[in-house]
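Below is one structure; the comments refer to it alone.
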Amino acid sequence: MRLDKILKNTLLVLTACLVLSACATKKEVATDIKGQMQGDVYTGTDTVEYLAEGVPDRVFFATNESILTTASRETLRAQAGWLRKNPNINVVLEGHADERGTREYNLALGERRANAAKDYLMTYGISSDRITVLSYGKERPVDSGSNPLAWSKNRRSVTVKAN
Amino acid sequence: MIKKILILLFILISFNANALIEVDITRGNLNPLPLAVSPLSIDEESRKSFKKILKKENIGSEISNIVEKNLRTSGLFNPLDKKAFLQAPDIANLKPRFEDWNLIKAQALITGKVNYVEDKLRVEFRLWDVLAAKEMMALAFTTVPNNWRRVGHIISDKVYERLTGEKGYFDTRIIYVSEEGPKTQRIKKLAIMDQDGANNKFLTLGNELVLTPRFNPTSQMVTYLSYFKNMPRVYLLDIETGTQEVVGDFPGMTFAPRFSPDGKKIIMSFAKDGKSDIYTMDLENRIVEKITNHPSIDTSPSYSPDGKYITFNSDRSGYQQIYVMKKDGSDVKRISFGNGLYGTPVWSPRGDLIAFTKLHKGKFYIGVMRTDGSGERLLTENYYQEAPSWSPNGRVLIFYRETKTNSKGEGFSAKLWSIDLTGYNERQIKTPTDASDPSWSSLLSN
């Protein structure tokens, strides 16, 4: 089961790499939006808040995906470091989806995204007892726009202090 | 409350096989049947009594207005302008002058009268076949005056049934989610209203996020998702008493609830560790059963009307598709194979079709397919729309539609819409606030 998941993730990362290299031209078009997107993953800092200096509170996802990007992993490693330094802090990982999906599926997708972040924090030694997962589906967008950039900001998992 | 209407008389004088009128509702009806709804006649004393109780000048006209509006919105009938009527309502109810009604091209005529009898509202009505010059049906009801709107809906249902051969859907209610406030921080409340938008009532205060309410088969209970204490869980609500309870004891989010056709179980998704599976809970003995077991997202389950099968949404193939399985979770078959993503499958009350939402090339569609996935038909295309719910006779779908915002993120709205299975007769259902996640009740009067 566990191995299953790892294998699946590796496979997905591989596919993602292939997709990225295959759409080099598309990527250039996307980066035109003031360099805030790579593929359709948000890479800007517009909505990002900080849990501590150098510790961003959120990671972003591609459409319909829950794979962590290189940047997301970096963010989560910083969060794990911060959580290790502050053993009394517990967190809620709030998973979100964009508005371009059915409500019920998006609730499940938000849960899956927050769990991807949770799994990564756990591999860096954070106990699952300190992490609660909460999905909002498409119910709580940060950007009310109806365009690819707004949707990319909304596909996110946000780490929130619980205490 | 629901059973308060007593049908005292049931005179049916329509065994004449040569009745001519027949409305075909299986095709898009571009030539709705012209008919005349003569205002229900009322004697002066009764009129005054009802005016005092109901604050309505003429309750007879009010009831026939409801009938007229229902028949018009069905798209199958064309109620004619009352100004053209030649015969007075009270005389028409005794014996219509068919040649007068024929002259204004009415093919059917509805007449009736209202009386105040011992604090009660007594209504009788008759349906006439104008061309055959015959009475098709006659009925009388006695009920408490406050039920006057329901009397209008019941008359509409009887007329619809007599002329189309299928049950109507007018004496029904819609439960939905009322929405207010900015898109990033919507306030959502459960709300209930009559099918025509009247008698709107809020059932929750908006303190917590609520989603996806669905009626049980008797329309007295509702299951829905609430974020009470920031824990998204499936709840059960008794509409009459207002009592609420959490369904089951799951260590995580439960969502996408619906009742089984016998009303004894709730079927829903439970999400844990990034996977969502489908579970049922028996409401009598509280026994929980796991129906699907797959690392994918399995959600939006809906039973077939005989309770033997379940259709649901899964991304086990990589993307959202529609599946059908036996009620115990065995024999899982994918049924959607068209281009795009498919979600929110809902089994028709007639059993032959599954309605769904489809996302393809940036557009959202409401469509139907047969239960083996064949015969896919898309009924309507829009920027965003989803969550179809069937009318109890399986002829109309209600769903919600959201608008695109402008470059500043303004202009968002969510509204309820309905469309006939034929793909014709698309209409907005007016609500006092923005609205989403509609669920249609069963017929209340039988």
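Every chain in the structure tokens has a letter given in the order shown (A, B, ...), and although residue numbers restart at 1 in each chain, ligands are simply numbered from 1 in the order shown.
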With chain A as the partner and 9 Å as the cut-off, tabulate the residues of chain B that qualify, each row holding the nearest pair of atoms and their distance in Å to one decimal, using only C-alpha atoms, sorted by chain and rising number, as JSON lines.
{"residue": "B:Pro182", "atom": "CA", "partner": "A:Ser144", "partner_atom": "CA", "distance": 8.4}
{"residue": "B:Lys183", "atom": "CA", "partner": "A:Ser144", "partner_atom": "CA", "distance": 5.9}
{"residue": "B:Thr184", "atom": "CA", "partner": "A:Pro141", "partner_atom": "CA", "distance": 5.0}
{"residue": "B:Gln185", "atom": "CA", "partner": "A:Arg140", "partner_atom": "CA", "distance": 6.2}
{"residue": "B:Arg186", "atom": "CA", "partner": "A:Glu139", "partner_atom": "CA", "distance": 7.7}
{"residue": "B:Leu209", "atom": "CA", "partner": "A:Glu139", "partner_atom": "CA", "distance": 8.7}
{"residue": "B:Leu211", "atom": "CA", "partner": "A:Arg103", "partner_atom": "CA", "distance": 8.9}
{"residue": "B:Thr212", "atom": "CA", "partner": "A:Glu104", "partner_atom": "CA", "distance": 8.4}
{"residue": "B:Asn230", "atom": "CA", "partner": "A:Leu134", "partner_atom": "CA", "distance": 8.1}
{"residue": "B:Met231", "atom": "CA", "partner": "A:Leu134", "partner_atom": "CA", "distance": 7.6}
{"residue": "B:Pro232", "atom": "CA", "partner": "A:Leu134", "partner_atom": "CA", "distance": 7.9}
{"residue": "B:Gly252", "atom": "CA", "partner": "A:Val133", "partner_atom": "CA", "distance": 8.4}
{"residue": "B:Met253", "atom": "CA", "partner": "A:Leu134", "partner_atom": "CA", "distance": 7.8}
{"residue": "B:Phe255", "atom": "CA", "partner": "A:Glu104", "partner_atom": "CA", "distance": 7.3}
{"residue": "B:Ala256", "atom": "CA", "partner": "A:Glu104", "partner_atom": "CA", "distance": 6.0}
{"residue": "B:Ser269", "atom": "CA", "partner": "A:Ala108", "partner_atom": "CA", "distance": 8.7}
{"residue": "B:Phe270", "atom": "CA", "partner": "A:Ala108", "partner_atom": "CA", "distance": 8.8}
{"residue": "B:Ala271", "atom": "CA", "partner": "A:Ala108", "partner_atom": "CA", "distance": 6.6}
{"residue": "B:Lys272", "atom": "CA", "partner": "A:Glu111", "partner_atom": "CA", "distance": 7.8}
{"residue": "B:Asp273", "atom": "CA", "partner": "A:Asn115", "partner_atom": "CA", "distance": 5.9}
{"residue": "B:Gly274", "atom": "CA", "partner": "A:Arg112", "partner_atom": "CA", "distance": 3.7}
{"residue": "B:Lys275", "atom": "CA", "partner": "A:Arg112", "partner_atom": "CA", "distance": 6.6}
{"residue": "B:Ser276", "atom": "CA", "partner": "A:Ala108", "partner_atom": "CA", "distance": 6.3}
{"residue": "B:Pro295", "atom": "CA", "partner": "A:Lys5", "partner_atom": "CA", "distance": 8.7}
{"residue": "B:Ile297", "atom": "CA", "partner": "A:Ala108", "partner_atom": "CA", "distance": 6.5}
{"residue": "B:Asp298", "atom": "CA", "partner": "A:Tyr105", "partner_atom": "CA", "distance": 8.3}
{"residue": "B:Thr299", "atom": "CA", "partner": "A:Tyr105", "partner_atom": "CA", "distance": 6.6}
{"residue": "B:Ser300", "atom": "CA", "partner": "A:Glu104", "partner_atom": "CA", "distance": 6.5}
{"residue": "B:Asn313", "atom": "CA", "partner": "A:Tyr105", "partner_atom": "CA", "distance": 8.0}
{"residue": "B:Ser314", "atom": "CA", "partner": "A:Tyr105", "partner_atom": "CA", "distance": 8.6}
{"residue": "B:Tyr319", "atom": "CA", "partner": "A:Asn64", "partner_atom": "CA", "distance": 8.1}
{"residue": "B:Gln320", "atom": "CA", "partner": "A:Tyr105", "partner_atom": "CA", "distance": 8.2}
{"residue": "B:Gly343", "atom": "CA", "partner": "A:Thr102", "partner_atom": "CA", "distance": 6.6}
{"residue": "B:Thr344", "atom": "CA", "partner": "A:Thr102", "partner_atom": "CA", "distance": 7.2}
{"residue": "B:Thr357", "atom": "CA", "partner": "A:Thr102", "partner_atom": "CA", "distance": 7.8}
{"residue": "B:Leu359", "atom": "CA", "partner": "A:Gly101", "partner_atom": "CA", "distance": 7.8}
{"residue": "B:Gly362", "atom": "CA", "partner": "A:Arg100", "partner_atom": "CA", "distance": 8.1}
{"residue": "B:Phe364", "atom": "CA", "partner": "A:Arg100", "partner_atom": "CA", "distance": 8.8}
{"residue": "B:Tyr384", "atom": "CA", "partner": "A:Arg100", "partner_atom": "CA", "distance": 7.4}
{"residue": "B:Gln385", "atom": "CA", "partner": "A:Thr102", "partner_atom": "CA", "distance": 8.5}
{"residue": "B:Glu386", "atom": "CA", "partner": "A:Thr102", "partner_atom": "CA", "distance": 6.5}
{"residue": "B:Ala387", "atom": "CA", "partner": "A:Thr102", "partner_atom": "CA", "distance": 7.6}
{"residue": "B:Thr403", "atom": "CA", "partner": "A:Ser146", "partner_atom": "CA", "distance": 8.9}
{"residue": "B:Lys404", "atom": "CA", "partner": "A:Ser146", "partner_atom": "CA", "distance": 5.6}
{"residue": "B:Thr405", "atom": "CA", "partner": "A:Ser146", "partner_atom": "CA", "distance": 5.4}
{"residue": "B:Asn406", "atom": "CA", "partner": "A:Gly145", "partner_atom": "CA", "distance": 7.0}
{"residue": "B:Ser407", "atom": "CA", "partner": "A:Gly145", "partner_atom": "CA", "distance": 6.6}
{"residue": "B:Lys408", "atom": "CA", "partner": "A:Gly145", "partner_atom": "CA", "distance": 6.8}
{"residue": "B:Gly409", "atom": "CA", "partner": "A:Gly145", "partner_atom": "CA", "distance": 4.2}
{"residue": "B:Glu410", "atom": "CA", "partner": "A:Ser144", "partner_atom": "CA", "distance": 7.5}
{"residue": "B:Phe412", "atom": "CA", "partner": "A:Ser144", "partner_atom": "CA", "distance": 8.3}
Practice item. Do a neighbour search on stretch 278-292 of chain B at 8 Å with only C-alpha atoms, toss out local chain neighbours closer than 4 positions, and write the hits as a list in words. Key: Val247, Gly248, Lys264, Lys265, Ile266, Ile267, Met268, Ser269, Phe270, Asp298, Thr299, Pro301, Lys327, Asp328 and Gly329 of chain B
Output the selection as a PDB file, in the first residue's frame - N, CA and C atoms for each residue.
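The result, stored in again39.pdb:
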ATOM      1  N   VAL B 247     -24.272  12.155  11.181  1.00  0.00           N
ATOM      2  CA  VAL B 247     -24.477  10.801  10.689  1.00  0.00           C
ATOM      3  C   VAL B 247     -23.177  10.009  10.840  1.00  0.00           C
ATOM      4  N   GLY B 248     -23.174   9.063  11.753  1.00  0.00           N
ATOM      5  CA  GLY B 248     -22.003   8.200  11.940  1.00  0.00           C
ATOM      6  C   GLY B 248     -20.900   8.862  12.725  1.00  0.00           C
ATOM      7  N   LYS B 264     -33.993   4.323   4.339  1.00  0.00           N
ATOM      8  CA  LYS B 264     -33.445   3.715   5.555  1.00  0.00           C
ATOM      9  C   LYS B 264     -31.952   3.908   5.723  1.00  0.00           C
ATOM     10  N   LYS B 265     -31.267   4.232   4.614  1.00  0.00           N
ATOM     11  CA  LYS B 265     -29.811   4.381   4.676  1.00  0.00           C
ATOM     12  C   LYS B 265     -29.393   5.728   4.125  1.00  0.00           C
ATOM     13  N   ILE B 266     -28.222   6.166   4.582  1.00  0.00           N
ATOM     14  CA  ILE B 266     -27.577   7.296   3.926  1.00  0.00           C
ATOM     15  C   ILE B 266     -26.312   6.768   3.274  1.00  0.00           C
ATOM     16  N   ILE B 267     -26.117   7.133   2.023  1.00  0.00           N
ATOM     17  CA  ILE B 267     -24.896   6.755   1.312  1.00  0.00           C
ATOM     18  C   ILE B 267     -24.071   8.028   1.155  1.00  0.00           C
ATOM     19  N   MET B 268     -22.749   7.914   1.362  1.00  0.00           N
ATOM     20  CA  MET B 268     -21.914   9.125   1.368  1.00  0.00           C
ATOM     21  C   MET B 268     -20.455   8.754   1.149  1.00  0.00           C
ATOM     22  N   SER B 269     -19.608   9.771   1.018  1.00  0.00           N
ATOM     23  CA  SER B 269     -18.169   9.534   0.932  1.00  0.00           C
ATOM     24  C   SER B 269     -17.524   9.854   2.273  1.00  0.00           C
ATOM     25  N   PHE B 270     -16.438   9.135   2.547  1.00  0.00           N
ATOM     26  CA  PHE B 270     -15.612   9.420   3.715  1.00  0.00           C
ATOM     27  C   PHE B 270     -14.180   9.561   3.194  1.00  0.00           C
ATOM     28  N   ASP B 298     -13.610   8.295  -4.741  1.00  0.00           N
ATOM     29  CA  ASP B 298     -14.929   7.767  -5.089  1.00  0.00           C
ATOM     30  C   ASP B 298     -15.959   8.635  -4.382  1.00  0.00           C
ATOM     31  N   THR B 299     -16.820   9.299  -5.147  1.00  0.00           N
ATOM     32  CA  THR B 299     -17.777  10.194  -4.491  1.00  0.00           C
ATOM     33  C   THR B 299     -19.062  10.328  -5.309  1.00  0.00           C
ATOM     34  N   PRO B 301     -22.253   9.375  -4.775  1.00  0.00           N
ATOM     35  CA  PRO B 301     -23.029   8.167  -5.017  1.00  0.00           C
ATOM     36  C   PRO B 301     -24.533   8.457  -5.110  1.00  0.00           C
ATOM     37  N   LYS B 327     -25.236  -2.823  -5.350  1.00  0.00           N
ATOM     38  CA  LYS B 327     -25.367  -2.093  -4.085  1.00  0.00           C
ATOM     39  C   LYS B 327     -24.340  -2.520  -3.034  1.00  0.00           C
ATOM     40  N   ASP B 328     -23.779  -3.738  -3.173  1.00  0.00           N
ATOM     41  CA  ASP B 328     -22.760  -4.179  -2.220  1.00  0.00           C
ATOM     42  C   ASP B 328     -21.351  -3.781  -2.664  1.00  0.00           C
ATOM     43  N   GLY B 329     -21.242  -3.055  -3.772  1.00  0.00           N
ATOM     44  CA  GLY B 329     -19.937  -2.593  -4.225  1.00  0.00           C
ATOM     45  C   GLY B 329     -19.287  -3.507  -5.251  1.00  0.00           C
TER      46      GLY B 329
END
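Atom CA of B:His153 sits 6.9 Å away from atom CA of B:Ile66.
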Practice item. As a VMD selection string, please: all residues of stretch 57-98 of chain A that backbone DSSP puts in helix (DSSP H, G or I). Key: chain A and resid 70 to 85
